[in-house]
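Content type compact mmCIF, C-alpha atoms and all ligand atoms, from the file query.txt:
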# COMPACT_ATOMS: atom_id res chain seq x y z
CA MET A 28 123.41 130.31 137.42
CA GLU A 29 124.76 127.00 136.16
CA GLN A 30 122.79 125.78 133.17
CA LEU A 31 122.40 122.32 131.69
CA ARG A 32 123.40 122.73 128.03
CA VAL A 33 121.51 120.35 125.80
CA GLY A 34 122.09 119.12 122.25
CA PHE A 35 119.38 117.31 120.26
CA ILE A 36 120.27 114.51 117.83
CA GLY A 37 117.19 113.78 115.71
CA THR A 38 114.75 116.70 115.42
CA GLY A 39 111.85 114.67 114.01
CA ARG A 40 108.20 114.44 115.09
CA ILE A 41 108.62 113.91 118.80
CA SER A 42 111.35 116.51 119.32
CA ASP A 43 108.71 119.26 119.58
CA LEU A 44 107.49 117.78 122.85
CA HIS A 45 111.02 117.18 124.17
CA ALA A 46 111.96 120.80 123.59
CA LEU A 47 109.10 122.17 125.75
CA GLY A 48 110.59 121.13 129.10
CA TYR A 49 113.94 122.77 128.31
CA LEU A 50 112.49 125.91 126.72
CA GLY A 51 110.34 126.51 129.81
CA ASP A 52 113.09 126.02 132.42
CA ASP A 53 115.79 128.63 133.18
CA ARG A 54 118.08 125.90 134.44
CA ALA A 55 118.54 124.45 130.93
CA ARG A 56 119.19 125.65 127.38
CA ILE A 57 119.12 123.96 123.97
CA VAL A 58 122.51 124.90 122.53
CA ALA A 59 122.82 122.71 119.40
CA VAL A 60 120.74 120.44 117.16
CA CYS A 61 121.42 117.85 114.48
CA ASP A 62 119.31 116.04 111.92
CA VAL A 63 120.33 114.45 108.61
CA ASN A 64 117.36 116.29 107.18
CA GLU A 65 118.82 119.80 107.14
CA GLU A 66 115.48 121.52 106.59
CA VAL A 67 114.00 119.87 109.66
CA ALA A 68 117.13 120.66 111.72
CA ARG A 69 117.05 124.33 110.70
CA GLN A 70 113.33 124.71 111.25
CA ARG A 71 113.47 123.34 114.79
CA GLY A 72 116.85 124.85 115.65
CA ARG A 73 115.59 128.32 114.71
CA ALA A 74 112.33 127.85 116.58
CA TRP A 75 114.29 126.95 119.72
CA GLY A 76 116.75 129.85 119.44
CA VAL A 77 119.79 127.78 118.43
CA PRO A 78 122.47 129.81 116.57
CA GLU A 79 122.80 128.93 112.86
CA ASP A 80 126.39 127.66 113.26
CA ARG A 81 125.21 125.11 115.81
CA ILE A 82 122.71 123.41 113.53
CA PHE A 83 124.30 120.27 112.08
CA THR A 84 123.56 117.36 109.77
CA ASP A 85 126.35 115.12 111.15
CA TYR A 86 126.00 114.37 114.84
CA ARG A 87 129.78 114.07 115.25
CA ASP A 88 129.97 117.85 114.80
CA LEU A 89 127.52 118.34 117.66
CA LEU A 90 129.43 115.87 119.85
CA ALA A 91 132.66 117.79 119.22
CA LEU A 92 131.26 120.92 120.91
CA PRO A 93 132.78 121.27 124.39
CA ASP A 94 129.78 123.18 125.75
CA VAL A 95 127.16 120.43 125.32
CA ASP A 96 126.56 118.66 128.65
CA LEU A 97 123.64 116.40 127.71
CA VAL A 98 122.43 114.89 124.46
CA GLU A 99 118.77 114.13 123.79
CA ASN A 100 118.98 111.15 121.46
CA LEU A 101 115.77 111.07 119.41
CA LEU A 102 116.86 108.85 116.53
CA PRO A 103 114.90 105.85 115.18
CA HIS A 104 115.41 102.66 117.22
CA HIS A 105 118.02 100.93 115.07
CA LEU A 106 120.30 103.97 115.40
CA HIS A 107 120.10 104.19 119.21
CA TYR A 108 122.92 101.71 119.83
CA GLN A 109 125.81 103.20 117.83
CA SER A 110 124.84 106.82 118.44
CA THR A 111 124.63 106.24 122.20
CA LEU A 112 128.08 104.62 122.22
CA ASP A 113 129.35 107.70 120.34
CA ILE A 114 127.68 110.11 122.77
CA ALA A 115 129.20 108.29 125.73
CA ALA A 116 132.63 108.28 124.06
CA ALA A 117 132.31 112.07 123.66
CA GLY A 118 131.76 112.34 127.43
CA LYS A 119 128.22 113.73 127.24
CA HIS A 120 125.33 112.74 129.49
CA ILE A 121 122.61 110.82 127.63
CA SER A 122 118.82 111.02 127.53
CA LEU A 123 117.73 108.31 125.10
CA GLN A 124 114.20 107.71 123.82
CA LYS A 125 112.70 104.29 124.40
CA PRO A 126 113.11 101.43 123.60
CA MET A 127 116.81 101.90 124.20
CA ALA A 128 117.98 99.31 121.66
CA LEU A 129 116.94 96.35 119.54
CA THR A 130 118.50 93.69 121.81
CA VAL A 131 119.34 93.28 125.48
CA GLU A 132 122.99 92.67 124.54
CA GLN A 133 123.14 96.08 122.87
CA ALA A 134 121.53 97.67 125.94
CA ASP A 135 124.14 96.06 128.21
CA GLU A 136 126.98 97.35 126.05
CA MET A 137 125.49 100.84 126.05
CA ILE A 138 125.16 100.80 129.85
CA ALA A 139 128.77 99.62 130.20
CA ALA A 140 129.98 102.35 127.83
CA ALA A 141 128.18 105.07 129.82
CA LYS A 142 129.66 103.70 133.06
CA ARG A 143 133.17 103.69 131.60
CA ALA A 144 132.70 107.27 130.44
CA GLY A 145 131.28 108.34 133.82
CA VAL A 146 128.18 109.92 132.26
CA ILE A 147 124.52 109.86 133.33
CA PHE A 148 122.43 107.57 131.12
CA LYS A 149 118.67 108.00 131.20
CA VAL A 150 116.02 106.24 129.12
CA PHE A 151 113.31 108.80 128.39
CA GLU A 152 109.88 107.73 129.62
CA ASN A 153 107.04 110.22 129.71
CA PHE A 154 103.90 108.18 130.41
CA ILE A 155 104.77 107.72 134.08
CA PHE A 156 104.91 111.53 134.32
CA TYR A 157 101.45 112.11 132.79
CA PRO A 158 99.53 114.06 135.49
CA PRO A 159 96.52 111.65 135.71
CA ILE A 160 98.97 108.74 136.05
CA GLN A 161 100.85 110.54 138.80
CA ARG A 162 97.60 111.33 140.61
CA ALA A 163 96.49 107.70 140.44
CA LYS A 164 99.87 106.58 141.74
CA ALA A 165 99.66 109.02 144.66
CA LEU A 166 96.18 107.68 145.52
CA ILE A 167 97.43 104.10 145.36
CA ASP A 168 100.50 104.95 147.45
CA ALA A 169 98.14 106.50 150.01
CA GLY A 170 96.43 103.11 150.29
CA GLU A 171 93.14 104.11 148.61
CA ILE A 172 92.64 100.80 146.78
CA GLY A 173 94.58 98.62 149.21
CA ASP A 174 97.27 96.42 147.69
CA PRO A 175 97.21 96.47 143.86
CA LEU A 176 96.31 93.06 142.41
CA THR A 177 95.88 93.59 138.66
CA ILE A 178 96.49 96.27 136.05
CA ARG A 179 94.62 96.42 132.71
CA ILE A 180 95.90 98.79 130.04
CA LYS A 181 93.90 99.38 126.88
CA SER A 182 95.13 101.31 123.90
CA ASN A 183 92.70 102.36 121.15
CA SER A 184 94.14 103.55 117.90
CA GLY A 185 91.83 105.23 115.38
CA ILE A 186 91.63 108.27 113.15
CA SER A 187 91.35 111.96 113.86
CA PRO A 188 90.66 115.15 111.90
CA ASN A 189 93.06 117.01 114.23
CA GLU A 190 95.91 114.51 114.54
CA TRP A 191 99.31 116.18 114.24
CA GLU A 192 101.20 115.81 111.00
CA ILE A 193 103.41 112.71 110.94
CA PRO A 194 106.07 112.59 108.23
CA GLY A 195 106.01 109.49 106.01
CA THR A 196 109.62 108.81 107.04
CA ALA A 197 108.53 108.46 110.70
CA TRP A 198 106.06 105.72 109.67
CA ALA A 199 108.53 104.00 107.36
CA TRP A 200 111.10 102.98 110.02
CA ARG A 201 108.32 102.07 112.49
CA PHE A 202 106.68 99.57 110.14
CA ASN A 203 109.98 97.83 109.43
CA ARG A 204 110.96 95.27 112.06
CA GLU A 205 114.65 95.67 111.20
CA THR A 206 114.57 99.34 112.16
CA CYS A 207 111.81 99.36 114.80
CA GLY A 208 112.55 96.04 116.55
CA GLY A 209 108.87 94.97 116.56
CA GLY A 210 105.49 96.42 115.65
CA PRO A 211 104.43 100.04 116.26
CA LEU A 212 101.72 99.26 118.82
CA VAL A 213 103.12 96.42 120.94
CA PHE A 214 106.88 96.99 120.73
CA ASP A 215 107.25 100.74 120.14
CA ASP A 216 104.28 102.19 122.02
CA GLY A 217 104.00 99.04 124.16
CA HIS A 218 107.23 100.05 125.90
CA HIS A 219 105.28 102.84 127.60
CA LYS A 220 102.51 100.49 128.63
CA PHE A 221 105.00 98.01 130.09
CA SER A 222 106.68 100.91 131.90
CA LEU A 223 103.30 101.75 133.42
CA GLY A 224 102.90 98.14 134.58
CA TRP A 225 106.31 98.37 136.24
CA TYR A 226 105.55 101.82 137.72
CA PHE A 227 102.24 100.89 139.31
CA MET A 228 103.13 97.39 140.47
CA GLY A 229 106.70 98.22 141.51
CA GLU A 230 108.40 95.37 139.69
CA ILE A 231 109.02 93.76 136.32
CA ALA A 232 106.94 90.66 135.55
CA GLU A 233 108.13 87.10 136.07
CA GLU A 234 106.39 85.69 133.01
CA VAL A 235 104.71 87.05 129.86
CA HIS A 236 102.41 85.66 127.20
CA ALA A 237 101.33 87.48 124.04
CA TRP A 238 99.13 87.12 120.98
CA ILE A 239 99.90 89.70 118.33
CA GLY A 240 97.59 89.90 115.33
CA GLU A 241 98.05 91.65 112.00
CA THR A 242 95.95 94.34 110.28
CA GLU A 243 96.63 96.23 107.10
CA PHE A 244 97.28 99.86 108.09
CA ALA A 245 97.95 101.14 104.57
CA PRO A 246 98.97 99.40 101.36
CA GLY A 247 102.12 97.42 102.19
CA LEU A 248 102.10 98.37 105.90
CA VAL A 249 101.04 95.75 108.44
CA LEU A 250 100.08 96.87 111.94
CA ASP A 251 100.43 94.64 115.04
CA SER A 252 96.71 94.84 115.90
CA PRO A 253 94.72 93.46 117.61
CA ALA A 254 97.07 92.27 120.32
CA ALA A 255 96.80 90.99 123.88
CA VAL A 256 99.77 90.73 126.22
CA THR A 257 99.32 89.23 129.67
CA TRP A 258 101.91 88.93 132.38
CA LYS A 259 102.40 87.74 135.92
CA PHE A 260 104.15 89.61 138.69
CA SER A 261 105.32 87.98 141.90
CA ASN A 262 102.70 87.24 144.58
CA ASN A 263 99.98 86.20 142.14
CA ARG A 264 99.46 89.67 140.63
CA PHE A 265 98.70 90.13 136.92
CA GLY A 266 98.97 92.65 134.10
CA LEU A 267 97.05 92.86 130.80
CA PHE A 268 97.64 95.09 127.76
CA GLU A 269 95.27 95.20 124.82
CA ALA A 270 96.14 97.19 121.71
CA VAL A 271 93.65 97.57 118.89
CA ARG A 272 93.22 99.82 115.89
CA SER A 273 89.71 100.67 114.71
CA PRO A 274 90.02 102.16 111.20
CA GLU A 275 86.76 104.13 111.50
CA LEU A 276 86.98 105.19 115.14
CA VAL A 277 87.15 109.00 115.11
CA MET A 278 88.63 110.84 118.07
CA ASP A 279 89.98 114.25 118.98
CA THR A 280 93.66 114.60 119.74
CA ASN A 281 96.46 117.14 119.63
CA HIS A 282 99.00 114.43 118.84
CA TYR A 283 98.50 110.80 117.75
CA ALA A 284 95.05 109.35 116.98
CA GLN A 285 95.31 106.99 119.90
CA ASP A 286 93.95 106.95 123.42
CA ASP A 287 94.55 104.84 126.50
CA ARG A 288 92.55 103.65 129.49
CA ILE A 289 93.88 101.95 132.59
CA GLU A 290 92.12 100.09 135.38
CA ILE A 291 93.96 99.02 138.52
CA THR A 292 92.20 96.75 140.97
CA GLY A 293 93.36 96.52 144.57
CA THR A 294 92.29 94.56 147.63
CA LYS A 295 89.67 97.19 148.54
CA GLY A 296 89.11 99.46 145.56
CA VAL A 297 89.51 100.17 141.87
CA ILE A 298 91.09 103.15 140.12
CA TRP A 299 90.63 104.21 136.48
CA ILE A 300 92.75 106.55 134.39
CA THR A 301 90.43 107.38 131.53
CA ARG A 302 92.74 109.03 128.99
CA GLY A 303 96.22 109.23 127.54
CA HIS A 304 97.35 110.54 124.13
CA GLY A 305 93.90 111.50 122.91
CA LYS A 306 90.56 112.83 124.10
CA MET A 307 88.06 110.03 123.63
CA LEU A 308 85.97 109.99 126.78
CA ASP A 309 84.32 113.09 128.17
CA ILE A 310 84.67 111.98 131.79
CA PRO A 311 87.08 112.86 134.64
CA PRO A 312 90.65 111.68 134.03
CA VAL A 313 90.89 109.78 137.32
CA ILE A 314 88.05 107.86 138.97
CA LEU A 315 88.30 105.96 142.24
CA TYR A 316 85.84 103.45 143.64
CA ARG A 317 85.99 102.17 147.20
CA ASP A 318 83.63 101.61 150.12
CA ARG A 319 80.45 101.98 148.03
CA GLN A 320 81.51 105.42 146.80
CA THR A 321 82.88 106.80 143.55
CA ARG A 322 85.21 109.81 143.69
CA THR A 323 86.44 111.68 140.63
CA PHE A 324 89.56 113.83 140.17
CA SER A 325 89.76 116.52 137.50
CA ASP A 326 92.07 119.14 139.02
CA MET A 327 95.12 118.42 136.88
CA PRO A 328 96.40 119.21 133.40
CA VAL A 329 95.44 116.47 130.92
CA GLY A 330 97.31 117.45 127.76
CA TRP A 331 99.70 114.66 126.80
CA GLU A 332 102.50 117.23 126.38
CA HIS A 333 102.56 117.57 130.18
CA SER A 334 103.98 114.05 130.43
CA PHE A 335 107.02 115.25 128.47
CA ILE A 336 107.37 118.53 130.33
CA ASN A 337 107.20 116.74 133.70
CA SER A 338 109.64 114.04 132.60
CA THR A 339 112.17 116.67 131.49
CA ARG A 340 111.67 118.74 134.65
CA HIS A 341 112.21 115.61 136.73
CA PHE A 342 115.48 115.00 134.88
CA ILE A 343 116.72 118.57 135.35
CA ASP A 344 115.90 118.31 139.08
CA ALA A 345 117.72 114.97 139.33
CA TYR A 346 120.71 116.34 137.42
CA PHE A 347 121.19 119.31 139.75
CA LYS A 348 120.57 117.25 142.88
CA GLY A 349 122.91 114.47 141.72
CA GLU A 350 120.09 111.91 141.98
CA PRO A 351 119.31 109.02 139.60
CA PRO A 352 116.86 109.83 136.79
CA SER A 353 113.73 107.84 136.00
CA LEU A 354 114.09 105.67 134.01
CA THR A 355 117.67 104.78 134.75
CA ALA A 356 119.29 102.95 131.84
CA GLU A 357 119.10 99.76 133.91
CA GLN A 358 115.33 100.15 134.33
CA GLY A 359 115.02 100.86 130.61
CA ARG A 360 116.98 97.70 129.91
CA ASP A 361 114.63 95.61 132.08
CA ILE A 362 111.57 97.00 130.28
CA LEU A 363 113.22 96.33 126.91
CA ARG A 364 113.86 92.74 128.02
CA PHE A 365 110.18 92.40 128.89
CA ALA A 366 109.07 93.93 125.56
CA LEU A 367 111.32 91.53 123.64
CA ALA A 368 109.99 88.59 125.68
CA ALA A 369 106.43 89.56 124.63
CA GLN A 370 107.56 89.50 120.99
CA GLU A 371 109.15 86.10 121.51
CA SER A 372 106.00 84.74 123.15
CA ALA A 373 103.86 85.86 120.19
CA ARG A 374 106.32 84.21 117.79
CA THR A 375 106.58 80.90 119.65
CA GLY A 376 103.05 80.71 121.10
CA ARG A 377 104.50 80.00 124.54
CA ALA A 378 104.79 81.95 127.76
CA VAL A 379 108.29 83.36 128.32
CA SER A 380 109.85 83.36 131.78
CA LEU A 381 111.75 86.45 132.89
CA LYS A 382 112.98 85.04 136.20
N1 LIG B 401 107.75 109.03 124.28
C1 LIG B 401 106.89 108.94 123.29
O1 LIG B 401 105.71 108.94 123.54
C2 LIG B 401 107.38 108.86 121.88
C3 LIG B 401 106.53 109.21 120.83
C4 LIG B 401 107.06 109.18 119.54
C5 LIG B 401 108.36 108.78 119.32
N2 LIG B 401 109.13 108.38 120.37
C6 LIG B 401 110.52 107.91 120.17
O2 LIG B 401 111.31 109.02 119.71
C7 LIG B 401 112.26 108.58 118.76
C8 LIG B 401 112.07 109.35 117.46
O3 LIG B 401 110.74 109.17 116.98
P1 LIG B 401 110.05 110.22 115.99
O4 LIG B 401 108.62 109.85 115.95
O5 LIG B 401 110.43 111.61 116.33
O6 LIG B 401 110.74 109.78 114.60
P2 LIG B 401 111.05 110.68 113.33
O7 LIG B 401 111.35 109.74 112.24
O8 LIG B 401 110.01 111.72 113.16
O9 LIG B 401 112.40 111.44 113.78
C9 LIG B 401 113.69 110.87 113.71
C10 LIG B 401 114.63 111.92 113.12
O10 LIG B 401 115.96 111.38 113.10
C11 LIG B 401 116.59 111.88 111.92
N3 LIG B 401 117.76 111.04 111.63
C12 LIG B 401 117.80 109.78 111.11
N4 LIG B 401 119.08 109.34 111.06
C13 LIG B 401 119.86 110.33 111.55
C14 LIG B 401 121.25 110.46 111.80
N5 LIG B 401 122.12 109.49 111.51
N6 LIG B 401 121.72 111.63 112.34
C15 LIG B 401 120.85 112.62 112.64
N7 LIG B 401 119.52 112.56 112.43
C16 LIG B 401 119.03 111.43 111.92
C17 LIG B 401 115.50 111.82 110.86
O11 LIG B 401 115.79 112.65 109.76
C18 LIG B 401 114.27 112.26 111.67
O12 LIG B 401 114.03 113.65 111.54
C19 LIG B 401 112.07 107.06 118.65
O13 LIG B 401 112.94 106.43 119.55
C20 LIG B 401 110.63 106.84 119.12
O14 LIG B 401 110.37 105.57 119.69
C21 LIG B 401 108.65 108.42 121.64

Rewrite the structure from the file as C-alpha cells, please.
Amino acid sequence: MEQLRVGFIGTGRISDLHALGYLGDDRARIVAVCDVNEEVARQRGRAWGVPEDRIFTDYRDLLALPDVDLVENLLPHHLHYQSTLDIAAAGKHISLQKPMALTVEQADEMIAAAKRAGVIFKVFENFIFYPPIQRAKALIDAGEIGDPLTIRIKSNSGISPNEWEIPGTAWAWRFNRETCGGGPLVFDDGHHKFSLGWYFMGEIAEEVHAWIGETEFAPGLVLDSPAAVTWKFSNNRFGLFEAVRSPELVMDTNHYAQDDRIEITGTKGVIWITRGHGKMLDIPPVILYRDRQTRTFSDMPVGWEHSFINSTRHFIDAYFKGEPPSLTAEQGRDILRFALAAQESARTGRAVSLK
C-alpha cells in the first residue's frame, strides 16, 4: 500500500497532537523529525518509532531525504516563512501550522513558491474539525437554525491543576510580537476563532473592528486580554470574538487552561457549542433551540485532541483522492489578512475594511 511519508520540523509542545493522526492511520508514517533542541527531537522521534539516524537538529538534513513526501512545519511563527520556502524548494508537500506568516506579503510569496514547486500547501487548522463544531455545522447545513445571522465566540483563559506542561521557550516567542506577530490570545489563538467565523458563515468578513487590552500574565509578560473583535460579513451578518483571561478561574483540561463557547443565531433558531480546549461547563457539547424546544447532542467525542486527529485524517484522505485540503494556503492567507486587520484596528482605533 502506498504510504504518505511525513517529516516533522519542530517537535515542540503541539507536535504530540499532530503525531496522533499519523500514528493511528496505516496510510501514513512519520519517517523523520527535526528540532534544534536535540533532546526534544530524540524524545519525540523515539516515541513515534523514527530511526535514530533520521532524527535531526538541522532541518536541511531532513529536507535532503528523498523518501519524505510531506513536511509538518511546527516552528514558531517568525520561522514559518523561510522554512516553508525551503520545504517547497526541496519539493516536499507542506502542512504548516497557523498563522502561516507574519505578513500577507510573506504568505503570497510562500503560496507562489509552492505553486512553482508543484507541491500541496496546506495551512493546518484543527478547530473546524472539532467534533462538536462539525456537528453544529451539520445541523446548520441541514437548515435547523435557518440562515445564520451572527456568530459569537468567547474564549476564557484561566488556570488549571491538570494543564499540560508548556515549556518556557514556547511562551517566550509567543509573548514577543516580533516572533509571534501579535498577542497570544487575539493573534495566535484568534486565528482559530476567525477560522471558525469563516467556516460557519462561509466567507471572510468585509470589515473588522477591535479593542485589545493588556494584562500582566507574569512578570515582564503582557497578555492581550481582555479583547473584543467585531466584524461584518456581507448581507448584514456579524461576528464577535471576546478573549479574556481570569487569573483565578480554575478549570479542568488535558491541554491548555482555556475554554471556548460559541453561539450562532439564525433566522429561526440558535445553536451553542459549549466547549473547546478545556472542560469548564458540565453540559452537553451542542445545544439547539428552535420552535419552542431545546435539543441537546452529546453523542460525539469531546477531547480537543480529536480536532487534530480529524484534521490530519481529512488531509490524508484529500491527499490520496487528489482533492484540496482544508485550509488551502489561500484560505489560510485570507484568515491571516483578517487577523492582521484586527491588529491594525486595535492600533489605530478605526474599523479596517477588507473589501
Ligand atoms: N492548532 C493549535 O491549536 C495550536 C496550538 C499550539 C500551537 N500551535 C502552533 O504550532 C506551532 C508551534 O507551537 P508550539 O506550541 O509547539 O511551540 P514550541 O515552542 O513548543 O515548539 C516549537 C519547536 O520548534 C523548535 N525550533 C525552533 N527553531 C527551530 C529550527 N530552526 N529548526 C528546528 N526546530 C526549531 C523549538 O526548539 C521547539 O521545540 C506554532 O505555529 C503555533 O501557532 C497551534

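Within 9 Å of the point (93.1, 109.8, 125.3), counting only C-alpha atoms, the protein and nucleic acid residues come to A:Ser182, A:Asn183, A:Met278, A:Asp279, A:Thr280, A:Ala284, A:Gln285, A:Asp286, A:Asp287, A:Arg288, A:Thr301, A:Arg302, A:Gly303, A:His304, A:Gly305, A:Lys306, A:Met307, A:Leu308, A:Trp331.
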
Requested in this report: Determine, counting all atoms listed in the file, which protein, DNA and RNA residues have an atom within 9 Å of an atom of A:Arg374; residues of the same chain fewer than 5 positions away are not included. Present the result as an NGL selection string.
Outcome: :A and (237-239 or 369)

**Report entry** Residues within 12 Å of A:Asp251, all atoms listed in the file, excluding chain neighbours under 4 positions, as a ChimeraX atom specification
**Finding:** /A:184,201-204,209-217,237-244,255-256,269-272,370,373

Query raised in the report: So, counting all atoms listed in the file, which residue among A:Gly37, A:Ile300, A:Trp200, A:Met28 is closest to A:Asp85?
Result: A:Gly37

Please give the centre and size of the box around ligand LIG 401 (chain B) (axis-aligned, containing every atom listed in the file, 4 Å added per side), with values in Å to one decimal and written as lines of an AutoDock Vina configuration file.
center_x = 113.9
center_y = 109.6
center_z = 117.0
size_x = 24.4
size_y = 16.1
size_z = 22.5

Requested in this report: Identify, counting all atoms listed in the file, the protein, DNA and RNA residues located within 8 Å of ligand LIG 401 (chain B), and give them as a PyMOL selection string.
Outcome: chain A and resi 36-42+61-64+67-68+84-86+100-104+106-107+110+123-127+151-154+193-194+196-198+200+215-216+219+335

Can you tell me, as an mmCIF file with C-alpha atoms, in the frame of the given file, what residues are no more than 8 Å from A:Trp75 when counting only C-alpha atoms, ignoring any on the same chain fewer than 4 positions away?
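Result written to result-v5.cif:
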data_model
loop_
_atom_site.group_PDB
_atom_site.id
_atom_site.type_symbol
_atom_site.label_atom_id
_atom_site.label_comp_id
_atom_site.auth_asym_id
_atom_site.auth_seq_id
_atom_site.Cartn_x
_atom_site.Cartn_y
_atom_site.Cartn_z
ATOM 1 C CA ALA A 46 111.960 120.800 123.590
ATOM 2 C CA LEU A 50 112.490 125.910 126.720
ATOM 3 C CA ILE A 57 119.120 123.960 123.970
ATOM 4 C CA ARG A 71 113.470 123.340 114.790
#

With a distance cut-off of 7 Å and all atoms listed in the file, select the neighbouring residues of A:Arg264, excluding the residue or stretch itself and same-chain residues fewer than 4 positions from it, and output the selection as a PDB file with C-alpha atoms, keeping the file's coordinate frame.
ATOM      1  CA  LEU A 176      96.310  93.060 142.410  1.00  0.00           C
ATOM      2  CA  THR A 177      95.880  93.590 138.660  1.00  0.00           C
ATOM      3  CA  LYS A 259     102.400  87.740 135.920  1.00  0.00           C
ATOM      4  CA  PHE A 260     104.150  89.610 138.690  1.00  0.00           C
TER       5      PHE A 260
END

Query raised in the report: Quick one: distance from atom CA of A:Ile310 to atom CA of A:Ile291 in Å, one decimal?
Result: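 Atom-to-atom, atom CA of A:Ile310 to atom CA of A:Ile291, that is 17.3 Å.
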
Query raised in the report: Got a sec to check which residues sit within 12 Å of (132.5, 100.9, 127.6), counting all atoms listed in the file, and write them as a PyMOL selection string?
Result: chain A and resi 111-118+133-146

Report summary line: Nearest to A:Arg32, restricted to only C-alpha atoms and choosing among A:Glu65, A:Glu99, A:Glu190, A:Asp88, comes out as A:Glu99

Requested in this report: Rounded to one decimal place, report the atom CA of A:Ile167-atom CA of A:Tyr346 distance in Å.
Outcome: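 We find that atom CA of A:Ile167 and atom CA of A:Tyr346 lie 27.5 Å from each other.
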
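Across A:Glu290, A:Asp96, A:Glu66, A:Glu192, the tightest approach to A:Phe35 is made by A:Asp96 when counting all atoms listed in the file.
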
Requested in this report: Could you check how far atom CA of A:Leu90 sits from atom CA of A:Gly48, in Å to one decimal?
Outcome: 21.6 Å

Query - Pick from A:Ser122, A:Thr130, A:Asn281, A:Gln70 nearest to A:Tyr108, counting only C-alpha atoms - result: A:Thr130

Query - Residue among A:Ala91, A:Leu97, A:Leu381, A:Val33 lying closest to A:Phe365, counting only C-alpha atoms - result: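 Checking each candidate against A:Phe365, we get A:Leu381 as the closest.
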
Query raised in the report: For A:Gly185, which of A:Phe268, A:Tyr283, A:Phe148, A:Phe156 is the closest residue, counting all atoms listed in the file?
Result: A:Tyr283

Query - Nearby residues (all atoms listed in the file) at most 8 Å from A:Val58, same-chain spacing under 4 positions excluded, as a ChimeraX atom specification - result: /A:32-34,77-78,81,95
